[in-house]
>>> print(open('query.cif').read())   # mmCIF, C-alpha atoms and all ligand atoms
data_work
#
loop_
_atom_site.label_atom_id
_atom_site.label_comp_id
_atom_site.auth_asym_id
_atom_site.auth_seq_id
_atom_site.Cartn_x
_atom_site.Cartn_y
_atom_site.Cartn_z
CA MET Y 1 32.97 37.13 53.58
CA LEU Y 2 34.40 33.92 52.11
CA SER Y 3 32.29 30.73 52.02
CA SER Y 4 33.62 27.64 53.87
CA GLU Y 5 34.68 26.10 50.55
CA ALA Y 6 36.49 29.26 49.52
CA LEU Y 7 38.19 29.52 52.93
CA ILE Y 8 39.51 25.95 52.70
CA LEU Y 9 40.73 26.52 49.14
CA HIS Y 10 42.27 29.86 50.07
CA GLU Y 11 44.21 28.25 52.91
CA LEU Y 12 45.43 25.37 50.76
CA LEU Y 13 46.42 27.70 47.90
CA SER Y 14 48.26 30.06 50.29
CA ALA Y 15 50.23 27.09 51.64
CA ASP Y 16 51.76 26.77 48.16
CA ARG Y 17 51.58 22.96 47.91
CA GLU Y 18 52.65 22.41 51.52
CA PRO Y 19 50.14 20.36 53.52
CA VAL Y 20 47.68 22.14 55.83
CA SER Y 21 46.50 20.24 58.89
CA GLY Y 22 42.87 19.24 59.27
CA GLN Y 23 43.04 20.74 62.75
CA LYS Y 24 44.07 24.13 61.39
CA LEU Y 25 41.27 24.08 58.80
CA ALA Y 26 38.75 23.01 61.46
CA ARG Y 27 39.84 25.86 63.76
CA LEU Y 28 39.67 28.39 60.95
CA LEU Y 29 36.16 27.39 59.94
CA GLY Y 30 34.89 26.73 63.45
CA ILE Y 31 33.87 23.17 62.52
CA SER Y 32 35.03 19.64 63.44
CA ARG Y 33 37.78 17.76 61.56
CA VAL Y 34 35.14 15.31 60.34
CA ALA Y 35 33.19 18.24 58.90
CA VAL Y 36 36.39 19.46 57.16
CA TRP Y 37 36.82 16.04 55.62
CA ALA Y 38 33.18 16.13 54.44
CA GLN Y 39 33.82 19.54 52.79
CA LEU Y 40 36.87 18.11 51.00
CA GLN Y 41 34.79 15.18 49.76
CA LYS Y 42 32.21 17.63 48.43
CA LEU Y 43 34.93 19.57 46.61
CA GLU Y 44 36.34 16.34 45.14
CA LYS Y 45 32.98 15.72 43.49
CA GLN Y 46 33.39 19.13 41.80
CA GLY Y 47 36.75 18.33 40.19
CA PHE Y 48 39.25 19.09 42.98
CA ALA Y 49 41.75 16.51 44.20
CA PHE Y 50 43.54 16.57 47.57
CA ALA Y 51 46.44 14.45 48.76
CA ALA Y 52 46.39 13.44 52.43
CA VAL Y 53 49.96 13.67 53.76
CA ARG Y 54 50.37 11.43 56.80
CA SER Y 55 50.20 13.34 60.09
CA ARG Y 56 50.70 16.66 58.25
CA GLY Y 57 47.36 17.35 56.59
CA TYR Y 58 46.00 17.98 53.09
CA ARG Y 59 47.54 19.30 49.92
CA LEU Y 60 45.62 20.62 46.91
CA VAL Y 61 46.73 18.66 43.84
CA ARG Y 62 44.10 19.42 41.20
CA THR Y 63 41.59 22.18 40.49
CA PRO Y 64 38.62 22.02 38.07
CA VAL Y 65 39.06 23.24 34.51
CA GLY Y 66 35.77 25.19 34.29
CA VAL Y 67 34.90 28.34 36.21
CA HIS Y 68 34.35 27.53 39.90
CA PRO Y 69 33.07 30.39 42.08
CA ALA Y 70 34.66 29.24 45.37
CA LEU Y 71 38.03 28.83 43.64
CA ILE Y 72 37.84 32.33 42.13
CA GLN Y 73 36.97 33.65 45.60
CA ALA Y 74 39.86 31.69 47.09
CA TYR Y 75 42.30 33.25 44.62
CA LEU Y 76 40.85 36.69 45.31
CA GLY Y 77 41.10 36.28 49.08
CA ARG Y 78 39.61 38.94 51.32
CA ARG Y 79 40.31 41.99 49.17
CA ARG Y 80 38.22 45.04 49.94
CA GLY Y 81 35.92 46.32 47.22
CA THR Y 82 35.62 42.93 45.52
CA PRO Y 83 32.23 42.60 43.84
CA GLN Y 84 29.80 39.83 44.66
CA LEU Y 85 30.49 37.01 42.21
CA VAL Y 86 27.74 35.36 40.17
CA CYS Y 87 28.86 32.44 37.95
CA LEU Y 88 26.43 31.17 35.33
CA GLU Y 89 26.76 28.30 32.89
CA GLN Y 90 24.53 30.06 30.35
CA VAL Y 91 22.72 33.37 30.09
CA ASP Y 92 21.26 35.52 27.30
CA SER Y 93 23.83 38.29 27.88
CA THR Y 94 25.83 39.00 31.03
CA ASN Y 95 25.19 42.73 30.41
CA SER Y 96 21.42 42.06 30.34
CA GLU Y 97 21.71 39.96 33.51
CA ALA Y 98 23.61 42.80 35.21
CA GLU Y 99 20.91 45.27 34.12
CA ARG Y 100 18.15 43.03 35.51
CA ARG Y 101 19.95 42.77 38.84
CA LEU Y 102 20.45 46.54 38.98
CA ALA Y 103 16.77 47.11 38.13
CA ALA Y 104 15.76 44.66 40.88
CA GLY Y 105 17.59 46.82 43.44
CA GLU Y 106 20.19 44.18 44.36
CA THR Y 107 23.28 45.22 46.32
CA MET Y 108 26.17 46.24 44.09
CA PRO Y 109 28.90 45.88 42.93
CA GLN Y 110 28.45 42.49 41.31
CA VAL Y 111 30.30 40.64 38.60
CA ILE Y 112 28.50 38.15 36.39
CA VAL Y 113 30.70 35.53 34.72
CA ALA Y 114 29.30 33.11 32.13
CA HIS Y 115 30.61 30.26 29.97
CA HIS Y 116 28.02 30.76 27.24
CA GLN Y 117 25.77 33.61 26.08
CA THR Y 118 22.79 33.03 23.79
CA LYS Y 119 22.39 36.73 22.93
CA GLY Y 120 25.81 38.25 23.50
CA ARG Y 121 25.94 41.75 22.10
CA GLY Y 122 28.70 44.01 20.90
CA ARG Y 123 29.02 47.66 19.93
CA LEU Y 124 26.88 49.15 17.20
CA GLY Y 125 24.18 46.51 17.61
CA ARG Y 126 26.47 43.68 16.57
CA VAL Y 127 26.31 40.12 17.83
CA TRP Y 128 29.11 38.93 20.14
CA HIS Y 129 29.44 35.24 19.30
CA SER Y 130 29.61 33.54 22.66
CA PRO Y 131 29.89 29.76 22.35
CA SER Y 132 30.68 27.56 25.32
CA ASN Y 133 34.23 26.81 24.17
CA GLY Y 134 36.45 27.99 26.99
CA ASN Y 135 36.02 31.71 26.38
CA LEU Y 136 34.62 33.96 29.10
CA TYR Y 137 31.95 36.63 29.26
CA PHE Y 138 32.01 39.11 32.16
CA SER Y 139 29.84 42.02 33.24
CA PHE Y 140 30.62 44.29 36.17
CA ALA Y 141 27.61 46.16 37.58
CA TYR Y 142 27.88 49.39 39.62
CA ARG Y 143 25.80 52.27 40.96
CA PRO Y 144 28.41 55.00 40.68
CA GLN Y 145 26.57 58.36 41.08
CA LEU Y 146 28.97 60.17 38.74
CA GLU Y 147 28.49 63.06 36.39
CA PRO Y 148 28.00 61.59 32.89
CA SER Y 149 30.92 63.60 31.45
CA ARG Y 150 33.26 61.67 33.74
CA LEU Y 151 32.50 58.47 31.82
CA GLN Y 152 34.36 59.64 28.71
CA ASN Y 153 37.57 57.83 29.62
CA PHE Y 154 35.95 54.86 31.32
CA THR Y 155 36.07 52.13 28.66
CA LEU Y 156 39.59 52.97 27.51
CA TRP Y 157 40.83 53.11 31.10
CA MET Y 158 39.35 49.68 31.76
CA GLY Y 159 40.77 48.36 28.48
CA LEU Y 160 44.25 49.59 29.35
CA ASN Y 161 44.09 47.83 32.69
CA ILE Y 162 42.97 44.65 30.96
CA CYS Y 163 45.90 44.94 28.52
CA GLU Y 164 48.29 45.24 31.44
CA LEU Y 165 46.69 42.26 33.14
CA VAL Y 166 46.91 40.12 29.98
CA ARG Y 167 50.53 41.16 29.52
CA ASN Y 168 51.49 40.19 33.08
CA PHE Y 169 49.32 37.11 33.34
CA CYS Y 170 49.92 35.55 29.92
CA LYS Y 171 53.32 37.09 29.07
CA LEU Y 172 51.86 38.42 25.81
CA SER Y 173 52.11 41.83 24.16
CA PRO Y 174 48.51 42.99 23.82
CA GLY Y 175 47.40 46.35 22.50
CA LEU Y 176 44.26 48.45 22.66
CA LYS Y 177 42.56 49.49 19.45
CA TRP Y 178 40.42 52.56 20.10
CA PRO Y 179 37.71 52.49 21.27
CA ASN Y 180 37.09 49.01 22.65
CA ASP Y 181 39.16 46.19 21.11
CA LEU Y 182 41.82 44.19 22.86
CA LEU Y 183 44.26 42.89 20.25
CA VAL Y 184 46.94 40.25 20.45
CA ASP Y 185 49.21 39.64 17.45
CA GLY Y 186 47.01 42.04 15.46
CA ARG Y 187 43.86 39.99 16.09
CA LYS Y 188 40.91 40.53 18.37
CA ALA Y 189 41.20 38.69 21.69
CA GLY Y 190 38.54 40.71 23.52
CA GLY Y 191 35.90 43.38 23.23
CA MET Y 192 34.32 45.73 25.75
CA LEU Y 193 30.83 47.15 25.95
CA THR Y 194 29.98 49.81 28.54
CA GLU Y 195 26.30 50.59 29.08
CA ALA Y 196 24.88 53.16 31.51
CA ARG Y 197 21.58 54.46 32.82
CA ILE Y 198 21.70 58.19 33.28
CA ASP Y 199 19.04 60.06 35.26
CA ALA Y 200 18.91 63.66 36.34
CA ASP Y 201 22.50 64.26 35.24
CA GLN Y 202 23.89 61.36 37.21
CA VAL Y 203 25.13 57.97 36.05
CA ARG Y 204 22.90 55.80 38.22
CA GLU Y 205 23.77 52.38 36.80
CA LEU Y 206 26.88 51.31 34.98
CA VAL Y 207 27.61 47.97 33.34
CA PHE Y 208 31.05 47.14 32.00
CA GLY Y 209 30.97 44.05 29.77
CA LEU Y 210 34.02 42.17 28.56
CA GLY Y 211 34.14 39.24 26.17
CA LEU Y 212 37.52 37.55 26.36
CA ASN Y 213 38.70 34.79 24.02
CA VAL Y 214 40.55 32.68 26.55
CA ASN Y 215 40.74 29.00 25.62
CA GLY Y 216 38.46 28.88 22.57
CA ARG Y 217 39.68 28.34 19.03
CA ALA Y 218 39.09 31.16 16.58
CA SER Y 219 38.38 28.54 13.91
CA ALA Y 220 35.19 27.62 15.80
CA LEU Y 221 33.78 31.14 15.35
CA PRO Y 222 31.64 32.15 12.34
CA THR Y 223 33.60 32.88 9.16
CA ASP Y 224 33.14 36.66 9.31
CA VAL Y 225 35.09 36.93 12.60
CA ARG Y 226 37.32 33.88 12.37
CA ARG Y 227 40.16 35.50 10.43
CA THR Y 228 40.43 38.46 12.77
CA ALA Y 229 40.03 36.65 16.12
CA ILE Y 230 42.51 34.92 18.41
CA SER Y 231 42.34 33.46 21.89
CA LEU Y 232 44.90 33.90 24.64
CA ALA Y 233 45.57 30.15 24.56
CA GLU Y 234 46.22 30.28 20.81
CA ALA Y 235 48.63 33.16 21.34
CA THR Y 236 50.53 31.55 24.21
CA GLY Y 237 50.31 27.98 22.88
CA ALA Y 238 48.95 26.65 26.21
CA PRO Y 239 45.56 26.58 27.94
CA VAL Y 240 44.94 29.38 30.42
CA ASP Y 241 43.69 28.65 33.96
CA LEU Y 242 40.18 30.17 33.81
CA ASN Y 243 39.82 30.52 37.57
CA ARG Y 244 43.16 32.21 38.21
CA LEU Y 245 42.64 34.48 35.23
CA SER Y 246 39.09 35.37 36.36
CA ALA Y 247 40.30 36.23 39.86
CA ALA Y 248 43.18 38.34 38.53
CA LEU Y 249 40.82 40.11 36.15
CA ILE Y 250 38.18 40.79 38.80
CA GLY Y 251 40.89 42.14 41.12
CA ARG Y 252 42.33 44.38 38.42
CA VAL Y 253 38.97 45.71 37.20
CA SER Y 254 37.92 46.40 40.79
CA SER Y 255 41.00 48.44 41.62
CA ALA Y 256 40.80 50.25 38.26
CA TYR Y 257 37.17 51.11 39.02
CA ALA Y 258 38.06 52.42 42.50
CA GLN Y 259 40.80 54.65 41.03
CA PHE Y 260 38.40 55.83 38.36
CA VAL Y 261 35.72 56.85 40.84
CA GLU Y 262 38.28 58.57 43.11
CA GLY Y 263 39.60 60.43 40.06
CA SER Y 264 43.15 59.33 40.87
CA TYR Y 265 43.82 57.57 37.57
CA HIS Y 266 44.84 60.31 35.13
CA ASP Y 267 48.65 59.98 35.25
CA LYS Y 268 48.51 56.24 34.98
CA TYR Y 269 45.96 56.52 32.17
CA ALA Y 270 48.36 58.62 30.12
CA ASP Y 271 51.23 56.18 30.80
CA LEU Y 272 49.25 53.08 29.93
CA TRP Y 273 47.84 54.74 26.82
CA GLN Y 274 51.36 55.41 25.53
CA ARG Y 275 52.22 51.79 26.14
CA TYR Y 276 49.16 50.07 24.65
CA ASP Y 277 47.75 52.37 21.93
CA ILE Y 278 48.26 50.34 18.78
CA LEU Y 279 46.92 52.95 16.35
CA ARG Y 280 49.38 55.81 16.91
CA GLY Y 281 51.14 56.85 13.73
CA ARG Y 282 49.34 54.25 11.64
CA SER Y 283 47.16 54.74 8.58
CA VAL Y 284 43.53 54.23 9.50
CA THR Y 285 40.07 54.37 8.03
CA VAL Y 286 37.39 55.75 10.33
CA ILE Y 287 33.75 55.00 9.60
CA GLN Y 288 31.25 57.19 11.39
CA GLY Y 289 27.67 56.63 10.28
CA ALA Y 290 27.60 57.14 6.52
CA ARG Y 291 30.96 58.91 6.46
CA THR Y 292 34.34 57.28 5.82
CA VAL Y 293 37.63 59.14 6.23
CA ARG Y 294 41.26 58.12 5.88
CA GLY Y 295 44.23 59.49 7.73
CA THR Y 296 46.86 58.87 10.37
CA ALA Y 297 45.94 58.15 14.01
CA MET Y 298 47.57 60.69 16.35
CA GLY Y 299 46.44 59.45 19.78
CA ILE Y 300 43.56 60.73 21.91
CA ASP Y 301 42.60 64.07 23.43
CA ASP Y 302 41.64 64.66 27.06
CA GLN Y 303 38.12 63.43 26.37
CA SER Y 304 39.40 60.18 24.86
CA SER Y 305 38.33 61.23 21.34
CA LEU Y 306 40.55 59.78 18.63
CA ILE Y 307 42.68 62.38 16.83
CA VAL Y 308 43.20 61.69 13.13
CA ARG Y 309 45.32 63.71 10.72
CA LEU Y 310 43.34 63.48 7.51
CA GLU Y 311 44.91 63.09 4.09
CA SER Y 312 44.09 66.78 3.49
CA GLY Y 313 46.42 67.68 6.40
CA ARG Y 314 43.50 68.78 8.57
CA THR Y 315 43.08 67.23 12.03
CA GLU Y 316 39.76 65.80 13.17
CA ARG Y 317 38.58 64.33 16.47
CA PHE Y 318 36.21 61.35 16.69
CA ARG Y 319 34.13 60.63 19.76
CA ALA Y 320 32.82 57.40 18.30
CA GLY Y 321 33.35 55.36 15.19
CA GLU Y 322 34.77 52.21 13.75
CA VAL Y 323 38.47 52.15 12.94
CA THR Y 324 40.26 49.80 10.61
CA LEU Y 325 43.98 49.72 10.02
CA ALA Y 326 45.08 50.16 6.43
CA LYS Y 327 46.33 46.83 5.04
CA ASN Y 328 49.92 47.97 4.41
CA THR Y 329 50.39 49.01 8.06
CA ALA Y 330 48.54 46.15 9.77
C1 LIG H 401 32.53 44.68 20.90
O1 LIG H 401 33.68 44.38 20.57
O2 LIG H 401 31.70 45.09 20.06
C2 LIG H 401 32.14 44.58 22.33
C3 LIG H 401 31.86 43.16 22.74
C4 LIG H 401 31.42 43.01 24.18
C5 LIG H 401 31.01 41.60 24.50
C6 LIG H 401 30.76 41.40 25.97
S1 LIG H 401 30.64 39.68 26.37
C7 LIG H 401 30.12 40.09 27.96
C8 LIG H 401 29.15 41.24 27.83
N1 LIG H 401 27.82 40.74 27.54
C9 LIG H 401 27.40 41.08 26.32
O3 LIG H 401 26.31 40.79 25.81
N2 LIG H 401 28.35 41.83 25.72
C10 LIG H 401 29.50 42.01 26.56
#
>>> encode(input="query.cif", output="structure tokens")
Amino acid sequence: MLSSEALILHELLSADREPVSGQKLARLLGISRVAVWAQLQKLEKQGFAFAAVRSRGYRLVRTPVGVHPALIQAYLGRRRGTPQLVCLEQVDSTNSEAERRLAAGETMPQVIVAHHQTKGRGRLGRVWHSPSNGNLYFSFAYRPQLEPSRLQNFTLWMGLNICELVRNFCKLSPGLKWPNDLLVDGRKAGGMLTEARIDADQVRELVFGLGLNVNGRASALPTDVRRTAISLAEATGAPVDLNRLSAALIGRVSSAYAQFVEGSYHDKYADLWQRYDILRGRSVTVIQGARTVRGTAMGIDDQSSLIVRLESGRTERFRAGEVTLAKNTA
């Protein structure tokens, strides 16, 4: 169910810059024309601007730069399966917030979107630097009731969908670096962290976290990550509309999740993997605990383990690990 603000914005956006009459908006919302005008005034205080076109109605001429929940909802429209949206200025970690909401028994699915995280976390206990600089931090929370073995492909499947979205939305050529990095121009534009609570052989709670460098500057990040990071805006050379991108991303993740749960994703998974796997055929170093091996990446097996042909000629599969590309092939 869309809020009144989201309904007005949805109608104005769907009109594609043509004016929409106050009467039509009033009818749609079941309120008076004066009340419509009051809603528009309220939205103007939040960074929107409307042009009143004489005897024809209102046109949307400006949207806010920061994340605005009603605008994201307006872009999403009334799609089925869309999670409840929670937008936060600041939070410790959107994954932790999602876990708290799951533990409190709230209705799912939900998506938490934040501008700033004070304790953003990455894989292998690392910090995910999350300044308030135009980047976005998302967590999707679900209660899936799946067998744990079915999660093997989950993060890569989501990552492939995000690659496709970034390609279509930003006209870039992203790639996925097994197991969880979204790369653009060989640099990290995003990272994913999936966390689950498994009980009695069922995945009861599932949180899919995504940190996406959208409009931030890599130079503002700490020195250890600066050289290897990039934002979508840096790659395209223009700022990205955070609200349109968020809506497109929420829509894409939601349909990818539905296909995943139905089990109808396998063919597409194989196709997308061929398109976005950036490691295939390249010299890699894999670090797994105290062990480091070198070889050539040969794709993934049906459990999404990375296949590496070692320098000895032997083939090994890795379920987890940290991969770096050898300098001469990067
Ligand atoms: C990685 O590359 O190691 C994964 C990074 C995942 C970061 C995201 S940001 C949103 C969500 N909340 C967190 O604390 N982490 C994930």
>>> residues_around(input="query.cif", residues="Gly77 (chain Y)", least_positions_apart="3", cutoff="8 Å", atoms="only C-alpha atoms", output="count of residues only")
4
>>> closest_atom_pairs(input="query.cif", of="region 131-154 of chain Y", to="region 295-319 of chain Y", cutoff="10 Å", atoms="all atoms listed in the file", output="Markdown table")
| residue | atom | partner | partner_atom | distance |
| --- | --- | --- | --- | --- |
| Y:Ser149 | CA | Y:Gln303 | CA | 8.8 |
| Y:Arg150 | CA | Y:Gln303 | CA | 9.0 |
| Y:Leu151 | CA | Y:Gln303 | CA | 9.3 |
| Y:Gln152 | CA | Y:Gln303 | CA | 5.8 |
| Y:Asn153 | CA | Y:Ser304 | CA | 5.6 |
| Y:Phe154 | CA | Y:Ser304 | CA | 9.1 |
>>> residues_near_ligand(input="query.cif", ligand="ligand LIG 401 (chain H)", cutoff="7 Å", atoms="all atoms listed in the file", output="count of residues only")
24
>>> residues_around(input="query.cif", residues="Met1 (chain Y)", least_positions_apart="5", cutoff="10 Å", atoms="only C-alpha atoms", output="JSON list (two decimals) with C-alpha atoms, in the coordinates of the input")
[["chain", "number", "residue", "atom", "x", "y", "z"],
["Y", 6, "ALA", "CA", 36.49, 29.26, 49.52],
["Y", 7, "LEU", "CA", 38.19, 29.52, 52.93],
["Y", 73, "GLN", "CA", 36.97, 33.65, 45.60],
["Y", 77, "GLY", "CA", 41.10, 36.28, 49.08],
["Y", 78, "ARG", "CA", 39.61, 38.94, 51.32],
["Y", 79, "ARG", "CA", 40.31, 41.99, 49.17],
["Y", 84, "GLN", "CA", 29.80, 39.83, 44.66]]
>>> closest_residue(input="query.cif", among="Y:Ile287, Y:Leu156, Y:Val293, Y:Leu279", to="Glu322 (chain Y)", atoms="only C-alpha atoms")
Y:Ile287
>>> atom_distance(input="query.cif", atom1="CA of Glu5 (chain Y)", atom2="CA of Met108 (chain Y)")
22.8 Å
>>> closest_residue(input="query.cif", among="Y:Ala238, Y:Ala52, Y:Val166, Y:Ser254", to="Pro109 (chain Y)", atoms="all atoms listed in the file")
Y:Ser254
>>> residues_around(input="query.cif", residues="Leu85 (chain Y)", least_positions_apart="4", cutoff="10 Å", atoms="all atoms listed in the file", output="PDB file with C-alpha atoms, in the coordinates of the input")
ATOM      1  CA  PRO Y  69      33.070  30.390  42.080  1.00  0.00           C
ATOM      2  CA  ALA Y  70      34.660  29.240  45.370  1.00  0.00           C
ATOM      3  CA  ILE Y  72      37.840  32.330  42.130  1.00  0.00           C
ATOM      4  CA  GLN Y  73      36.970  33.650  45.600  1.00  0.00           C
ATOM      5  CA  PRO Y 109      28.900  45.880  42.930  1.00  0.00           C
ATOM      6  CA  GLN Y 110      28.450  42.490  41.310  1.00  0.00           C
ATOM      7  CA  VAL Y 111      30.300  40.640  38.600  1.00  0.00           C
ATOM      8  CA  ILE Y 112      28.500  38.150  36.390  1.00  0.00           C
ATOM      9  CA  VAL Y 113      30.700  35.530  34.720  1.00  0.00           C
ATOM     10  CA  PHE Y 140      30.620  44.290  36.170  1.00  0.00           C
ATOM     11  CA  ILE Y 250      38.180  40.790  38.800  1.00  0.00           C
TER      12      ILE Y 250
END
>>> residues_near_point(input="query.cif", point="(22.8, 60.7, 36.9)", cutoff="7 Å", atoms="only C-alpha atoms", output="count of residues only")
11
>>> residues_around(input="query.cif", residues="Val253 (chain Y)", least_positions_apart="3", cutoff="12 Å", atoms="all atoms listed in the file", output="ChimeraX atom specification")
/Y:81-83,109-111,138-142,154-155,157-165,208-210,245-250,256-260
>>> build_atoms(input="query.cif", residues="region 122-130 of chain Y", atoms="all heavy atoms", output="compact mmCIF listing (two decimals), in the coordinates of the input")
# COMPACT_ATOMS: atom_id res chain seq x y z
N GLY Y 122 27.52 43.17 21.00
CA GLY Y 122 28.70 44.01 20.90
C GLY Y 122 28.31 45.44 20.62
O GLY Y 122 27.12 45.80 20.70
N ARG Y 123 29.29 46.26 20.27
CA ARG Y 123 29.02 47.66 19.93
C ARG Y 123 28.23 47.73 18.64
O ARG Y 123 28.27 46.81 17.83
CB ARG Y 123 30.34 48.41 19.72
CG ARG Y 123 30.92 48.98 20.97
CD ARG Y 123 32.22 49.62 20.65
NE ARG Y 123 32.06 50.91 20.00
CZ ARG Y 123 32.58 51.22 18.80
NH1 ARG Y 123 33.24 50.34 18.10
NH2 ARG Y 123 32.42 52.42 18.31
N LEU Y 124 27.57 48.84 18.45
CA LEU Y 124 26.88 49.15 17.20
C LEU Y 124 25.88 48.07 16.82
O LEU Y 124 25.72 47.73 15.64
CB LEU Y 124 27.91 49.37 16.06
CG LEU Y 124 29.09 50.31 16.39
CD1 LEU Y 124 30.17 50.24 15.33
CD2 LEU Y 124 28.58 51.76 16.53
N GLY Y 125 25.23 47.50 17.84
CA GLY Y 125 24.18 46.51 17.61
C GLY Y 125 24.67 45.18 17.04
O GLY Y 125 23.86 44.38 16.56
N ARG Y 126 25.96 44.94 17.13
CA ARG Y 126 26.47 43.68 16.57
C ARG Y 126 26.28 42.52 17.55
O ARG Y 126 26.11 42.74 18.74
CB ARG Y 126 27.96 43.81 16.27
CG ARG Y 126 28.20 44.79 15.17
CD ARG Y 126 29.64 44.70 14.72
NE ARG Y 126 29.89 45.75 13.78
CZ ARG Y 126 30.90 46.61 13.86
NH1 ARG Y 126 31.77 46.51 14.83
NH2 ARG Y 126 31.04 47.55 12.95
N VAL Y 127 26.39 41.32 16.99
CA VAL Y 127 26.31 40.12 17.83
C VAL Y 127 27.72 39.84 18.36
O VAL Y 127 28.70 40.01 17.63
CB VAL Y 127 25.86 38.92 16.95
CG1 VAL Y 127 25.97 37.60 17.71
CG2 VAL Y 127 24.43 39.14 16.47
N TRP Y 128 27.81 39.42 19.62
CA TRP Y 128 29.11 38.93 20.14
C TRP Y 128 28.96 37.41 20.24
O TRP Y 128 28.24 36.91 21.10
CB TRP Y 128 29.44 39.56 21.50
CG TRP Y 128 30.80 39.12 22.00
CD1 TRP Y 128 31.04 38.16 22.94
CD2 TRP Y 128 32.08 39.61 21.59
NE1 TRP Y 128 32.40 38.02 23.13
CE2 TRP Y 128 33.06 38.91 22.32
CE3 TRP Y 128 32.49 40.59 20.68
CZ2 TRP Y 128 34.43 39.14 22.16
CZ3 TRP Y 128 33.85 40.82 20.53
CH2 TRP Y 128 34.79 40.11 21.27
N HIS Y 129 29.59 36.70 19.32
CA HIS Y 129 29.44 35.24 19.30
C HIS Y 129 30.04 34.67 20.58
O HIS Y 129 31.19 34.94 20.90
CB HIS Y 129 30.15 34.66 18.07
CG HIS Y 129 29.56 35.19 16.81
ND1 HIS Y 129 28.36 34.76 16.32
CD2 HIS Y 129 29.98 36.17 15.97
CE1 HIS Y 129 28.07 35.43 15.22
NE2 HIS Y 129 29.04 36.30 14.99
N SER Y 130 29.21 33.93 21.30
CA SER Y 130 29.61 33.54 22.66
C SER Y 130 29.40 32.06 22.91
O SER Y 130 28.63 31.65 23.77
CB SER Y 130 28.79 34.33 23.68
OG SER Y 130 28.75 35.70 23.38
